[in-house]
Amino acid sequence: MKSLRSDVTRHGLTRTPHRAFMRAMGLGDDDIEKPMIGVVSMKGEQTPCNMTHGFQVDAAKEGVANSGGTPREFTTISMSDGIGMNHEGMKFSLVSRELIADSIEAVVHGLAYDGLVGFGGCDKTLPGVMMGMVRCNVPSVFVYGGAALPGRFAGKQVTILDSYEAVGAVLTGAMDEATLARLERACLPSVGACAGQFTANTMAMVSEALGLSVPNVSMIPGVYAERAAYARRAGAIVMQAVADGGPLPRDIVTRAALENACAVVAATGGSTNAALHIPAIAHEAGIAFGFDDVARVFERTPLIADLCPGGRFTAKDVHDIGGTAVILRALLDGGHMDGTCLTVTGATLAEAYGEAALPDGAVVRAAAAALAPDGGLAVLKGNLCPNGALLKLAGLKTLAFEGPARVFECEEDCARAVETRAYRAGEVLIIRNEGPAGGPGMREMLGVTALIYGQQMGEKVALVTDGRFSGATRGICVGYVAPEAAVGGPLALVRDGDTVRIDAAARRMDVLLDDAELAARRAGWRPPAPRHKAGLLAKYAAQVGQADKGAVTHPGGAEWPWFDR
């Protein structure tokens with residue numbers, strides 16, 4: 001029989017205690033000799049996003065067992081971005097991505113598992129699991145747990161974003177609190193991740209475009225029973241990869257595959273967070289892939305899916321017309337993806353998706369009839385963001401904005417100004433010291449952006465930050481500014497009243513000051529004191545890199561001596 005990584009835990013006299021531990025878990029002789037396959041999820045009660053995992057995990061374990069393996073279930077942590085929003089807890093959101101990848105590495109290598117089936121649900125769990133898979137580089141299959149069903153309210157389809165923006169409407173008197181209470185109870189009617197093309201659904205499509213996922217699973221609603229069959233197939237696929245010696249995650253995650261991932265983000269008006277997570281996944285494979293690489297793909301990829309928040313439709317609508325496969329086929333047919341890239345099935349992307357249903361013309365269009373000629377996201381450069389910043393274009397009515405800066409040193413200060421409506425149309429609101437190291441943790445600003453939109457000020461002001469935005473954010477919101485203010489990025493030099501110009505068509509953002517003035521201000525700048533001096537956030541701040549390279553925390557391309565191709 002072919003040697004397995006897990007052989008080191010069970011063969012020989014000195015492994016008698018190891019086998020005893022396995023027997024204590026109810027394993028018999030046959031079970032102990034089979035390939036050991038980790039099945040990781042975030043089953044728990046932290047967020048509805050992961051509460052779809054239970055029945056799917058059980059099905060994946062069946063798939064492993066039916067194909068001759070011994071499944072070993074374990075769980076890792078998850079942060080709810082929804083419940084963590086608008087307070088200090090959001091600082092742990094991006095950190096959780098690293099914790100997830102680290103914990104998978106610890107279990108897979110620590111217990112010498114032969115393969116992995118990994119489930120993701122809430123935003124950071126998807127890239128965290130994919131990063132762990134690529135880092136460990138054992139046969140692996142990713143499965144998204146699925147989105148929630150959209151709600152119905154006042155005769156229209158709604159999502160959780162509507163509740164965020166409705167708070168702003170209440171503050172302006174455009175909605176009463178009784179109506180808001182009814183919307184609160186209607187906008188999220190089932191478990192599953194957020195229903196729009198926010199970060200979770202965006203990264204789910206990324207998993208398919210990369211080739212790491214069971215094909216066409218991502219847009220099936222999380223509560224649909226058919227997901228069990230896909231999870232069962234994931235178990236069978238990973239067992240086939242163990243038997244064949246691959247393809248392994250680093251065979252799949254190539255530069256061309258990463259460009260495919262960027263293409264599906266642009267084509268769907270997906271979350272700006274994807275431009276942070278795709279470079280982080282690339283980093284695990286030892287591939288240098290940053291904002292500049294992302295930008296090139298965004299600029300050449302048409303927007304073909306009309307998905308909220310910039311558009312009208314949700315994940316369930318995509319499922320109803322044939323799933324992510326419809327989008328990938330449209331991009332392949334239009335020459336916007338490389339169909340020769342491998343998938344976990346061993347088939348190429350073109351073989352896996354080339355026979356999918358054609359676009360319906362409403363939810364998804366053919367590339368030749370695109371909603372816009374370039375993608376729904378843009379990477380900006382300029383003297384405020386020399387290494388890049390991100391702006392979601394999908395849904396914007398104007399691509400240029402110029403106004404006086406209004407500077408806030410943290411999210412809370414800006415939130416108070418917005419809640420009390422102590423800001424004016426035409427201003428550029430700047431929230432700084434919220435980057436990866438300065439926050440630390442790079443908080444999302446959905447609470448602020450949704451309030452602005454709910455107050456009918458969505459494109460009457462601009463918001464610029466070195467923090468992040470939710471995939472649900474819309475409006476003239478420029479985030480992920482690199483380098484961040486806390487490490488001396490130009491955002492640290494801006495003062496109230498400085499004129500800031502955002503020109504999305506030219507892919508630029510600048511403060512209208514000459515080089516001499518900026519140099520004089522830099523000479524007088526001093527870094528802010530660390531906000532956390534101990535604990536996880538202090539450790540993270542000391543290790544984390546900048547957003548344009550994925551905000552990663554280790555050198556990348558990790559090797560493990562046990563695995564010999």
# chains A, B, ... in the order shown; residues from 1 in each chain; ligands from 1
>>> residues_around(residues="Ala174 in chain A", least_positions_apart="5", cutoff="12 Å", atoms="only C-alpha atoms", output="PyMOL selection string")
chain A and resi 165-169+179-180+454-456
>>> write_last_selection(atoms="C-alpha atoms", output="tab-separated table (two decimals), in the first residue's frame")
chain	number	residue	atom	x	y	z
A	165	GLU	CA	-29.15	51.55	6.06
A	166	ALA	CA	-32.58	51.81	7.69
A	167	VAL	CA	-30.92	52.92	10.93
A	168	GLY	CA	-29.71	55.98	9.05
A	169	ALA	CA	-33.22	56.52	7.72
A	179	THR	CA	-41.09	50.02	10.72
A	180	LEU	CA	-37.40	49.40	11.47
A	454	GLY	CA	-29.44	55.71	5.06
A	455	GLN	CA	-29.27	59.46	5.58
A	456	GLN	CA	-29.48	59.88	1.78
>>> select_by_dssp(residues="range 15-159 of chain A", states="alpha helix (DSSP H)", output="number ranges by chain")
A: 16-24, 29-33, 53-66, 81-84, 91-110, 125-136
>>> residues_around(residues="range 63-79 of chain A", least_positions_apart="4", cutoff="8 Å", atoms="only C-alpha atoms", output="MDAnalysis selection string")
chainID A and resid 31:32 34:43 46:47 59 84 92:93 96 99:100 103:104 122 124:125 231:236 238:239
>>> residues_around(residues="Leu358 in chain A", least_positions_apart="4", cutoff="8 Å", atoms="only C-alpha atoms", output="list in words")
Val326, Arg329, Ala330 and Ala366 of chain A
>>> atom_distance(atom1="CA of Arg227 in chain A", atom2="CA of Val117 in chain A")
14.4 Å
>>> atom_distance(atom1="CA of Ile304 in chain A", atom2="CA of Ala356 in chain A")
15.9 Å
>>> closest_atom_pairs(of="range 210-290 of chain A", to="range 457-472 of chain A", cutoff="9 Å", atoms="only C-alpha atoms", output="CSV")
residue,atom,partner,partner_atom,distance
A:Gly270,CA,A:Gly471,CA,6.9
A:Ser271,CA,A:Gly471,CA,4.1
A:Thr272,CA,A:Gly471,CA,6.3
A:Asn273,CA,A:Gly471,CA,6.7
A:Ala274,CA,A:Gly471,CA,8.8
>>> closest_atom_pairs(of="range 369-456 of chain A", to="range 485-500 of chain A", cutoff="8 Å", atoms="only C-alpha atoms", output="tab-separated table")
residue	atom	partner	partner_atom	distance
A:Asn383	CA	A:Pro490	CA	7.0
A:Leu384	CA	A:Pro490	CA	5.2
A:Cys385	CA	A:Pro490	CA	7.0
A:Glu402	CA	A:Val500	CA	5.6
A:Gly403	CA	A:Thr499	CA	5.4
A:Pro404	CA	A:Thr499	CA	4.5
A:Ala405	CA	A:Gly497	CA	5.0
A:Arg406	CA	A:Asp496	CA	5.0
A:Val407	CA	A:Asp496	CA	5.6
A:Val428	CA	A:Val500	CA	6.9
A:Arg432	CA	A:Ala485	CA	6.1
A:Asn433	CA	A:Ala486	CA	5.3
A:Gly435	CA	A:Ala486	CA	7.3
A:Ala437	CA	A:Ala486	CA	7.1
A:Gly438	CA	A:Ala486	CA	4.9
>>> closest_atom_pairs(of="range 248-354 of chain A", to="range 210-224 of chain A", cutoff="7 Å", atoms="only C-alpha atoms", output="JSON lines")
{"residue": "A:Ile252", "atom": "CA", "partner": "A:Gly211", "partner_atom": "CA", "distance": 6.3}
{"residue": "A:Val253", "atom": "CA", "partner": "A:Leu210", "partner_atom": "CA", "distance": 6.3}
{"residue": "A:Ala257", "atom": "CA", "partner": "A:Leu210", "partner_atom": "CA", "distance": 5.1}
{"residue": "A:Leu258", "atom": "CA", "partner": "A:Leu210", "partner_atom": "CA", "distance": 6.3}
{"residue": "A:Asn260", "atom": "CA", "partner": "A:Leu210", "partner_atom": "CA", "distance": 6.6}
{"residue": "A:Ala261", "atom": "CA", "partner": "A:Leu210", "partner_atom": "CA", "distance": 5.6}
{"residue": "A:Ala315", "atom": "CA", "partner": "A:Met219", "partner_atom": "CA", "distance": 5.4}
{"residue": "A:Lys316", "atom": "CA", "partner": "A:Pro221", "partner_atom": "CA", "distance": 6.1}
{"residue": "A:Val318", "atom": "CA", "partner": "A:Met219", "partner_atom": "CA", "distance": 6.5}
{"residue": "A:His319", "atom": "CA", "partner": "A:Met219", "partner_atom": "CA", "distance": 5.2}
{"residue": "A:Gly323", "atom": "CA", "partner": "A:Met219", "partner_atom": "CA", "distance": 5.6}
{"residue": "A:Thr324", "atom": "CA", "partner": "A:Asn216", "partner_atom": "CA", "distance": 5.6}
{"residue": "A:Ala325", "atom": "CA", "partner": "A:Asn216", "partner_atom": "CA", "distance": 5.5}
{"residue": "A:Leu342", "atom": "CA", "partner": "A:Gly211", "partner_atom": "CA", "distance": 6.2}
{"residue": "A:Thr343", "atom": "CA", "partner": "A:Gly211", "partner_atom": "CA", "distance": 3.9}
{"residue": "A:Val344", "atom": "CA", "partner": "A:Leu212", "partner_atom": "CA", "distance": 5.5}
{"residue": "A:Leu349", "atom": "CA", "partner": "A:Gly211", "partner_atom": "CA", "distance": 7.0}
{"residue": "A:Ala352", "atom": "CA", "partner": "A:Pro215", "partner_atom": "CA", "distance": 6.9}
>>> write_last_selection(atoms="N, CA and C atoms", output="PDB file, in the first residue's frame")
ATOM      1  N   ILE A 252      -2.913  23.856  -7.946  1.00  0.00           N
ATOM      2  CA  ILE A 252      -4.137  24.525  -8.389  1.00  0.00           C
ATOM      3  C   ILE A 252      -3.995  26.044  -8.333  1.00  0.00           C
ATOM      4  N   VAL A 253      -3.449  26.548  -7.216  1.00  0.00           N
ATOM      5  CA  VAL A 253      -3.339  27.997  -7.007  1.00  0.00           C
ATOM      6  C   VAL A 253      -2.076  28.503  -7.706  1.00  0.00           C
ATOM      7  N   ALA A 257      -4.604  31.098 -12.021  1.00  0.00           N
ATOM      8  CA  ALA A 257      -5.790  30.844 -11.199  1.00  0.00           C
ATOM      9  C   ALA A 257      -6.131  32.055 -10.345  1.00  0.00           C
ATOM     10  N   LEU A 258      -5.112  32.726  -9.812  1.00  0.00           N
ATOM     11  CA  LEU A 258      -5.341  33.928  -9.013  1.00  0.00           C
ATOM     12  C   LEU A 258      -5.956  35.026  -9.866  1.00  0.00           C
ATOM     13  N   ASN A 260      -7.869  34.435 -12.443  1.00  0.00           N
ATOM     14  CA  ASN A 260      -9.263  33.993 -12.604  1.00  0.00           C
ATOM     15  C   ASN A 260     -10.103  34.417 -11.410  1.00  0.00           C
ATOM     16  N   ALA A 261      -9.536  34.295 -10.214  1.00  0.00           N
ATOM     17  CA  ALA A 261     -10.241  34.683  -8.996  1.00  0.00           C
ATOM     18  C   ALA A 261     -10.563  36.177  -9.015  1.00  0.00           C
ATOM     19  N   ALA A 315     -27.680  35.843  -3.931  1.00  0.00           N
ATOM     20  CA  ALA A 315     -27.123  34.516  -4.196  1.00  0.00           C
ATOM     21  C   ALA A 315     -28.199  33.542  -4.663  1.00  0.00           C
ATOM     22  N   LYS A 316     -29.361  33.591  -4.033  1.00  0.00           N
ATOM     23  CA  LYS A 316     -30.430  32.670  -4.436  1.00  0.00           C
ATOM     24  C   LYS A 316     -30.840  32.900  -5.885  1.00  0.00           C
ATOM     25  N   VAL A 318     -28.873  33.889  -8.270  1.00  0.00           N
ATOM     26  CA  VAL A 318     -27.826  33.266  -9.079  1.00  0.00           C
ATOM     27  C   VAL A 318     -28.042  31.752  -9.130  1.00  0.00           C
ATOM     28  N   HIS A 319     -28.350  31.158  -7.977  1.00  0.00           N
ATOM     29  CA  HIS A 319     -28.619  29.712  -7.944  1.00  0.00           C
ATOM     30  C   HIS A 319     -29.777  29.351  -8.870  1.00  0.00           C
ATOM     31  N   GLY A 323     -26.409  28.937 -11.027  1.00  0.00           N
ATOM     32  CA  GLY A 323     -25.281  28.980 -10.098  1.00  0.00           C
ATOM     33  C   GLY A 323     -24.068  29.734 -10.620  1.00  0.00           C
ATOM     34  N   THR A 324     -23.004  29.670  -9.825  1.00  0.00           N
ATOM     35  CA  THR A 324     -21.739  30.316 -10.185  1.00  0.00           C
ATOM     36  C   THR A 324     -21.245  29.832 -11.546  1.00  0.00           C
ATOM     37  N   ALA A 325     -21.588  28.605 -11.907  1.00  0.00           N
ATOM     38  CA  ALA A 325     -21.149  28.059 -13.191  1.00  0.00           C
ATOM     39  C   ALA A 325     -21.567  28.933 -14.361  1.00  0.00           C
ATOM     40  N   LEU A 342      -6.283  24.088 -13.375  1.00  0.00           N
ATOM     41  CA  LEU A 342      -6.799  22.867 -12.749  1.00  0.00           C
ATOM     42  C   LEU A 342      -7.837  23.158 -11.682  1.00  0.00           C
ATOM     43  N   THR A 343      -8.720  22.177 -11.455  1.00  0.00           N
ATOM     44  CA  THR A 343      -9.619  22.195 -10.306  1.00  0.00           C
ATOM     45  C   THR A 343      -9.350  20.961  -9.445  1.00  0.00           C
ATOM     46  N   VAL A 344      -9.943  20.954  -8.258  1.00  0.00           N
ATOM     47  CA  VAL A 344      -9.743  19.820  -7.340  1.00  0.00           C
ATOM     48  C   VAL A 344     -10.212  18.501  -7.921  1.00  0.00           C
ATOM     49  N   LEU A 349     -10.668  24.039 -15.570  1.00  0.00           N
ATOM     50  CA  LEU A 349     -11.803  24.934 -15.345  1.00  0.00           C
ATOM     51  C   LEU A 349     -12.759  24.885 -16.532  1.00  0.00           C
ATOM     52  N   ALA A 352     -14.761  21.705 -16.362  1.00  0.00           N
ATOM     53  CA  ALA A 352     -15.706  21.680 -15.240  1.00  0.00           C
ATOM     54  C   ALA A 352     -16.897  22.609 -15.462  1.00  0.00           C
TER      55      ALA A 352
END
>>> atom_distance(atom1="CA of Cys49 in chain A", atom2="CA of Thr159 in chain A")
13.5 Å
>>> closest_residue(among="A:Val552, A:Gly334, A:Glu177, A:Tyr230", to="His277 in chain A", atoms="only C-alpha atoms")
A:Val552
>>> closest_residue(among="A:Pro386, A:Pro440, A:Gly479, A:Gly426", to="Val544 in chain A", atoms="only C-alpha atoms")
A:Pro440
>>> closest_residue(among="A:Glu411, A:Gly82, A:Arg474, A:Phe153", to="Gly269 in chain A", atoms="only C-alpha atoms")
A:Arg474
>>> closest_residue(among="A:Ile452, A:Ile83, A:Leu303, A:Met203", to="Arg424 in chain A", atoms="only C-alpha atoms")
A:Ile452
>>> residues_around(residues="His87 in chain A", least_positions_apart="5", cutoff="10 Å", atoms="only C-alpha atoms", output="ChimeraX atom specification")
/A:411-412,443-444,447
